[in-house]
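> Take a look at the following structure, please.
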Amino acid sequence: MKNILGNAGEILENGLSGFHQYIFDGRERLCYVSNSLCKMTGYTKEEFLNEDVDFYASVIHKDDAEIYADFISRLKSSGKTLSADYRIVKKDGGIIRVRDTVSVGSCGGRLTGNSVLADITGERTDTAEIQRLSGALHFGYIKYTCEKQPAITYMNKRMEEFLRIPKAREGELDYLDMYKGNIFLMIPMEERRRFALYLNRVYTSGEPIAGEVTVMRCDGTKARIFGWIMKCVNDEGNDEFQTVCMDITEHHNMKKEKETKRYMKALSEVYDKIFEYDRSDGTVKCLYGQNSDFFKWVVNIPMRMREATEKWIVDTVCDEDRLPVREFFERFYTQQFEDPDSKPPVITYRAMSSKGRIKTYTGIFLKVDASVSLFCCRSITDENENRELKSENRTLKNVNDLVMQFTEGVVAFEVENDCVKPLYTSENVCKFFGYTKEQWEQLSSGSHSIKDFISQSRLDYDDVRRLFATGEAEFSYFDINRNMYRRIKAICSRKNTDDASRLYIMLYNVDSKEAEGRPSGNNEIRIRTFGYFDIFVNGKPIAFRSQKSKELFALLIDRRGGFVSSEEAISFLWEEEPVNSVTLARYRKVALRLKNILEEYGISDIVEAVDGKRRIVTEKVDCDLYDYLSGRKEFAGLFKGSYLTNYSWGETTLAELTGKMLY
């Protein structure tokens, strides 16, 4: 032991790599320098021990100066052993990367730090690289704990600039300290759940994730940042999150404004009025109000969301429809329409038009981003209500795909005889037709024969003519990005039924997830009546959007192939209401919705309609009820005592089945 202690000086001078000692007394400086530090850097002891200036701090690489300053600050405040990685500029101009490990203690009543440097120039740790980028590329950089309420442990100057954090003044709120206590305070309420899911995914998988998120600046405005989150281990051996990000607010706003204008132009071809609801600001404003003198006066003027909507309901919506309309908007306010797999929320109501007439309207909420949605509505004329409803169902669905996903396309033409004049389009549709955006704009100046117009694409002339004539068609194309052939479907509608020339066309891929509900070829249709009622196509249940249309289908199954008249169906579907013009109109909508959903799944031929009466074509379906009633032994055990549990009117058939079973 004496021999070791006797060599202590030699060990400090040459045995401990880069050993030196700090004094922390408000004017940080070195009080001891080893030979090994001088050899490592090329500087002399006299230069390092200069009492007039902190010479050691001056040899730190300028891009790592902030990292070093923060390291010294943490050492003085924590009194622990800490480590940090940074670069040193040697006397000959060379650069070395070091890991500085400092143990803080007390000597002679003064706070000191004993430092050992390890040369890690050959290593490239993720943390060091992120810190280098933080300084050199002016990225925002933050580190924060992996707790349920993450606390920020470090934030660089660039991130403070992104958030517009003011310098703290005496007696004023220190925004930096406020953010450091809980990172969620910089995230708007509507984005917090998504941000928390990102953190949870990174923590559990250990894999970094990249994306965009909105943050709240200290001046009350919002910024859009793009960056990535990764999980690391800090100097104390604890898990922490690190984020590197850049401010893309200007780019995001320009892109959003451009897209909004393009999609507003498309939506205005379908809807009479369009309102922007912003939950984050609690405002609503009219973006488009065709043929409405009132709404033209308030276009682009923000109003308080709940108050303005309630006034509109009281002033215009018919008394009997006010409650369902209020409930519809309340579900929107409270974000009950946020299921990403659900259909866009739609409502039909009656209200007074600007000309004092009571009209039937249909409205839909289309989600733009986490806080902004568009409420679009249009009137349905009495004489065209059924015809419009079918077009509306298609248009609502596809416009939602367009606005929410921006993955497909929109295009408009003026069609006359065998000529088309292209109007506006999205850029991906230009490519589909074989044109650039500039070429498309040139084509928009005049009419062209359909054959000439599609000559640069792989479209078939007959298919295009069929699209304009029938309102829908499918095309095959080769997707270069996926190296595969795909199918794209076009849905065509008109703004007004009496306008035969101006067409609005939506395009979307039918081999996507949505297409899973549209099997082709010979479909296996299986109907379950014992227990709860459901219909399965190729093993997958049909997702009825209207429960009344599902009930109508169950009624047709219960009649076992017999025709059901409108009056009979109404007596079952609305047992408490008489047959009149109101219930007949309601029934026609239900029947049309049933037809639409069966068409979506490619099985519309299983229901036959003749003069307003409908029946199930029993030979085209497999049904447990029909199997059981066939009397075949292999089906004798199907019935367990329950039948069409969903519907009370099924008790008559249930009694028949129970008697048969007892017999």
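Chain labels A, B, ... are given in the sequence in which chains occur in the structure tokens; within each chain residues are numbered consecutively from 1, and ligands are likewise numbered from 1 in the order shown.
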Can you list every residue in range 230-286 of chain A that DSSP puts in strand (DSSP E or B), as number ranges by chain?

A: 230-233, 239-247, 273-278, 283-286

> Show me, as a list in words, the residues that have an atom within 9 Å of range 327-336 of chain A when counting only C-alpha atoms, minus same-chain residues fewer than 6 positions from it.

Arg279, Arg306, Thr309, Pro345, Val346, Ile347 and Phe365 of chain A

> Please write the residues from the selection above to a file, keeping N, CA and C atoms, as a compact mmCIF listing (two decimals), in the first residue's frame.


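In the end it all went to part.txt:
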```
# COMPACT_ATOMS: atom_id res chain seq x y z
N ARG A 279 -61.54 23.08 -33.25
CA ARG A 279 -61.71 22.82 -31.81
C ARG A 279 -60.63 23.46 -30.97
N ARG A 306 -69.63 27.00 -30.36
CA ARG A 306 -70.88 26.50 -29.78
C ARG A 306 -72.01 27.52 -29.90
N THR A 309 -73.22 27.85 -33.61
CA THR A 309 -73.95 26.65 -34.04
C THR A 309 -75.33 26.59 -33.41
N PRO A 345 -68.96 11.03 -40.01
CA PRO A 345 -70.31 11.21 -39.46
C PRO A 345 -71.20 12.02 -40.39
N VAL A 346 -72.41 11.52 -40.61
CA VAL A 346 -73.37 12.15 -41.53
C VAL A 346 -74.69 12.34 -40.81
N ILE A 347 -75.38 13.42 -41.13
CA ILE A 347 -76.69 13.67 -40.54
C ILE A 347 -77.62 14.23 -41.62
N PHE A 365 -69.15 15.70 -41.55
CA PHE A 365 -67.91 16.24 -41.00
C PHE A 365 -66.74 15.53 -41.67
```

> How many Å separate CA of Lys550 in chain A from CA of Ala473 in chain A?

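Interatomic distance here is 27.2 Å.
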
> Write out as number ranges by chain which residues come within 6 Å of range 71-82 of chain A when counting only C-alpha atoms, dropping same-chain ones fewer than 3 positions away.

A: 68, 101-104

> Applying 7 Å and only C-alpha atoms, which residues near Thr360 in chain A remain after dropping the ones on its own chain fewer than 3 positions away? List them as a list in words.

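Surrounding residues, per the criterion: Tyr349, Arg350, Ala351, Ser379 and Ile380 of chain A.
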
> For the selection you just gave me, I'd like the residues written to a file as a tab-separated table (two decimals), in the first residue's frame, keeping N, CA and C atoms.


```
chain	number	residue	atom	x	y	z
A	349	TYR	N	-81.30	16.35	-41.95
A	349	TYR	CA	-82.18	17.19	-41.13
A	349	TYR	C	-82.97	18.11	-42.05
A	350	ARG	N	-84.01	18.71	-41.49
A	350	ARG	CA	-84.80	19.68	-42.23
A	350	ARG	C	-84.60	21.06	-41.62
A	351	ALA	N	-84.45	22.05	-42.50
A	351	ALA	CA	-84.20	23.41	-42.04
A	351	ALA	C	-84.76	24.40	-43.04
A	379	SER	N	-78.56	20.71	-49.91
A	379	SER	CA	-79.99	20.41	-49.87
A	379	SER	C	-80.29	19.27	-50.83
A	380	ILE	N	-81.33	18.50	-50.48
A	380	ILE	CA	-81.77	17.41	-51.34
A	380	ILE	C	-83.19	17.75	-51.80
```

> Take CA of Arg326 in chain A and CA of Lys311 in chain A and report the distance between them in Å, one decimal.

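CA of Lys311 in chain A lies 11.1 Å from CA of Arg326 in chain A.
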
> Please identify all polymer residues within 10 Å of range 524-536 of chain A, counting only C-alpha atoms, omitting same-chain residues fewer than 6 positions from it, and present them as an mmCIF file with N, CA and C atoms, in the first residue's frame.


```
data_model
loop_
_atom_site.group_PDB
_atom_site.id
_atom_site.type_symbol
_atom_site.label_atom_id
_atom_site.label_comp_id
_atom_site.auth_asym_id
_atom_site.auth_seq_id
_atom_site.Cartn_x
_atom_site.Cartn_y
_atom_site.Cartn_z
ATOM 1 N N ILE A 542 -70.807 -8.035 -42.775
ATOM 2 C CA ILE A 542 -71.115 -6.749 -43.404
ATOM 3 C C ILE A 542 -71.272 -5.694 -42.310
ATOM 4 N N ALA A 543 -70.592 -4.563 -42.477
ATOM 5 C CA ALA A 543 -70.674 -3.463 -41.510
ATOM 6 C C ALA A 543 -71.773 -2.506 -41.962
ATOM 7 N N PHE A 544 -73.010 -2.765 -41.513
ATOM 8 C CA PHE A 544 -74.131 -1.913 -41.901
ATOM 9 C C PHE A 544 -73.980 -0.538 -41.255
ATOM 10 N N LYS A 550 -80.327 -2.877 -41.953
ATOM 11 C CA LYS A 550 -80.001 -4.236 -41.514
ATOM 12 C C LYS A 550 -81.263 -4.955 -41.045
ATOM 13 N N GLU A 551 -82.122 -4.209 -40.346
ATOM 14 C CA GLU A 551 -83.366 -4.808 -39.865
ATOM 15 C C GLU A 551 -84.280 -5.175 -41.037
ATOM 16 N N PHE A 553 -83.299 -6.092 -43.976
ATOM 17 C CA PHE A 553 -82.738 -7.307 -44.553
ATOM 18 C C PHE A 553 -83.138 -8.531 -43.722
ATOM 19 N N ALA A 554 -83.105 -8.375 -42.391
ATOM 20 C CA ALA A 554 -83.520 -9.480 -41.517
ATOM 21 C C ALA A 554 -84.987 -9.842 -41.760
ATOM 22 N N ILE A 557 -85.250 -11.959 -44.827
ATOM 23 C CA ILE A 557 -84.810 -13.324 -44.518
ATOM 24 C C ILE A 557 -85.921 -14.081 -43.797
ATOM 25 N N ASP A 558 -86.568 -13.403 -42.844
ATOM 26 C CA ASP A 558 -87.633 -14.035 -42.065
ATOM 27 C C ASP A 558 -88.798 -14.463 -42.956
ATOM 28 N N ILE A 603 -73.018 -8.051 -53.822
ATOM 29 C CA ILE A 603 -74.038 -9.104 -53.679
ATOM 30 C C ILE A 603 -75.447 -8.525 -53.829
ATOM 31 N N ILE A 606 -78.877 -10.600 -54.505
ATOM 32 C CA ILE A 606 -79.570 -11.509 -53.584
ATOM 33 C C ILE A 606 -80.915 -10.941 -53.144
ATOM 34 N N LYS A 620 -79.579 -18.028 -53.510
ATOM 35 C CA LYS A 620 -78.263 -17.388 -53.635
ATOM 36 C C LYS A 620 -77.573 -17.181 -52.291
ATOM 37 N N VAL A 621 -78.200 -17.668 -51.219
ATOM 38 C CA VAL A 621 -77.605 -17.484 -49.899
ATOM 39 C C VAL A 621 -77.634 -18.796 -49.131
ATOM 40 N N ASP A 622 -76.729 -18.900 -48.165
ATOM 41 C CA ASP A 622 -76.760 -19.981 -47.180
ATOM 42 C C ASP A 622 -77.256 -19.384 -45.874
ATOM 43 N N CYS A 623 -78.264 -20.002 -45.270
ATOM 44 C CA CYS A 623 -78.871 -19.452 -44.062
ATOM 45 C C CYS A 623 -79.165 -20.576 -43.084
ATOM 46 N N ASP A 624 -78.834 -20.359 -41.814
ATOM 47 C CA ASP A 624 -79.059 -21.409 -40.816
ATOM 48 C C ASP A 624 -80.545 -21.706 -40.645
ATOM 49 N N LEU A 625 -81.398 -20.678 -40.796
ATOM 50 C CA LEU A 625 -82.840 -20.908 -40.695
ATOM 51 C C LEU A 625 -83.319 -21.839 -41.810
ATOM 52 N N TYR A 626 -82.896 -21.553 -43.028
ATOM 53 C CA TYR A 626 -83.330 -22.371 -44.162
ATOM 54 C C TYR A 626 -82.773 -23.786 -44.056
ATOM 55 N N LEU A 638 -78.944 -27.191 -35.236
ATOM 56 C CA LEU A 638 -78.603 -25.772 -35.404
ATOM 57 C C LEU A 638 -79.368 -24.864 -34.448
ATOM 58 N N PHE A 639 -80.660 -25.114 -34.285
ATOM 59 C CA PHE A 639 -81.491 -24.234 -33.460
ATOM 60 C C PHE A 639 -81.328 -24.580 -31.986
ATOM 61 N N LYS A 640 -80.930 -23.567 -31.171
ATOM 62 C CA LYS A 640 -80.679 -23.775 -29.744
ATOM 63 C C LYS A 640 -81.699 -23.058 -28.867
ATOM 64 N N GLY A 641 -82.727 -22.475 -29.492
ATOM 65 C CA GLY A 641 -83.755 -21.808 -28.695
ATOM 66 C C GLY A 641 -83.792 -20.300 -28.832
ATOM 67 N N SER A 642 -82.901 -19.697 -29.622
ATOM 68 C CA SER A 642 -82.944 -18.238 -29.820
ATOM 69 C C SER A 642 -82.956 -17.932 -31.311
ATOM 70 N N TYR A 643 -83.671 -16.817 -31.656
ATOM 71 C CA TYR A 643 -83.835 -16.465 -33.068
ATOM 72 C C TYR A 643 -83.980 -14.945 -33.191
ATOM 73 N N LEU A 644 -83.173 -14.356 -34.071
ATOM 74 C CA LEU A 644 -83.209 -12.903 -34.309
ATOM 75 C C LEU A 644 -83.356 -12.133 -32.996
ATOM 76 N N THR A 645 -82.384 -12.358 -32.115
ATOM 77 C CA THR A 645 -82.426 -11.744 -30.789
ATOM 78 C C THR A 645 -82.488 -10.225 -30.873
ATOM 79 N N ASN A 646 -81.994 -9.643 -31.955
ATOM 80 C CA ASN A 646 -81.979 -8.187 -32.110
ATOM 81 C C ASN A 646 -83.383 -7.598 -32.222
ATOM 82 N N TYR A 647 -84.358 -8.381 -32.710
ATOM 83 C CA TYR A 647 -85.640 -7.798 -33.119
ATOM 84 C C TYR A 647 -86.812 -8.493 -32.437
ATOM 85 N N GLY A 650 -89.392 -10.931 -34.243
ATOM 86 C CA GLY A 650 -88.988 -12.289 -34.582
ATOM 87 C C GLY A 650 -89.604 -13.346 -33.689
ATOM 88 N N LEU A 654 -89.984 -17.457 -33.822
ATOM 89 C CA LEU A 654 -89.355 -18.170 -32.707
ATOM 90 C C LEU A 654 -90.323 -19.183 -32.105
#
```

> Which of these residues is nearest to Ile23 in chain A, using only C-alpha atoms: A:Thr41, A:Asn417, A:Thr214, A:Thr112?

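Comparing A:Thr41, A:Asn417, A:Thr214, A:Thr112 against Ile23 in chain A, the winner is A:Thr112.
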
> I'd like the interatomic distance between CA of Ile248 in chain A and CA of Gly181 in chain A, to a tenth of an Å.

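Atom-to-atom, CA of Ile248 in chain A to CA of Gly181 in chain A, that is 25.4 Å.
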
> So that I can check the surroundings of Ile301 in chain A, please list as an MDAnalysis selection string every protein, DNA and RNA residue that reaches within 12 Å of it, counting only C-alpha atoms and ignoring chain neighbours fewer than 6 positions away.

chainID A and resid 275:277 283:288 295 308

> What does the file look like for those residues with N, CA and C atoms, as a short mmCIF file (atom, residue, chain, number, x, y, z; two decimals), in the first residue's frame?


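Result saved to out30.cif:
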```cif
data_model
loop_
_atom_site.label_atom_id
_atom_site.label_comp_id
_atom_site.auth_asym_id
_atom_site.auth_seq_id
_atom_site.Cartn_x
_atom_site.Cartn_y
_atom_site.Cartn_z
N PHE A 275 -68.28 24.83 -43.75
CA PHE A 275 -67.87 25.55 -42.55
C PHE A 275 -66.64 24.88 -41.96
N GLU A 276 -65.72 25.70 -41.49
CA GLU A 276 -64.50 25.18 -40.84
C GLU A 276 -64.67 25.25 -39.33
N TYR A 277 -64.64 24.08 -38.68
CA TYR A 277 -64.72 23.99 -37.23
C TYR A 277 -63.32 23.72 -36.68
N THR A 283 -63.59 27.91 -32.58
CA THR A 283 -64.23 28.82 -33.53
C THR A 283 -64.82 28.05 -34.71
N VAL A 284 -65.74 28.70 -35.39
CA VAL A 284 -66.30 28.20 -36.64
C VAL A 284 -66.40 29.38 -37.60
N LYS A 285 -66.10 29.13 -38.86
CA LYS A 285 -66.26 30.19 -39.86
C LYS A 285 -66.75 29.58 -41.16
N CYS A 286 -67.51 30.36 -41.89
CA CYS A 286 -68.03 29.91 -43.17
C CYS A 286 -66.96 30.11 -44.23
N LEU A 287 -66.63 29.03 -44.94
CA LEU A 287 -65.65 29.11 -46.02
C LEU A 287 -66.32 29.27 -47.37
N TYR A 288 -67.56 28.77 -47.47
CA TYR A 288 -68.25 28.81 -48.76
C TYR A 288 -69.74 28.76 -48.48
N PHE A 295 -74.86 33.90 -45.40
CA PHE A 295 -73.53 33.35 -45.19
C PHE A 295 -72.48 34.09 -46.01
N ALA A 308 -72.40 30.04 -32.08
CA ALA A 308 -72.85 30.25 -33.46
C ALA A 308 -73.66 29.06 -33.96
#
```

> Which polymer residues have any atom within 12 Å of an atom of Asn200 in chain A, counting only C-alpha atoms, with same-chain residues fewer than 3 positions away left out, as a list in words?

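Neighbouring residues, sequence-local ones excluded: Cys146, Glu147, Lys148, Gln149, Pro150, Arg193, Arg194, Phe195, Ala196, Leu197, Tyr203, Thr204, Ser205, Gly206, Glu207, Pro208, Ile209, Ile229, Met230, Lys231 and Phe241 of chain A.
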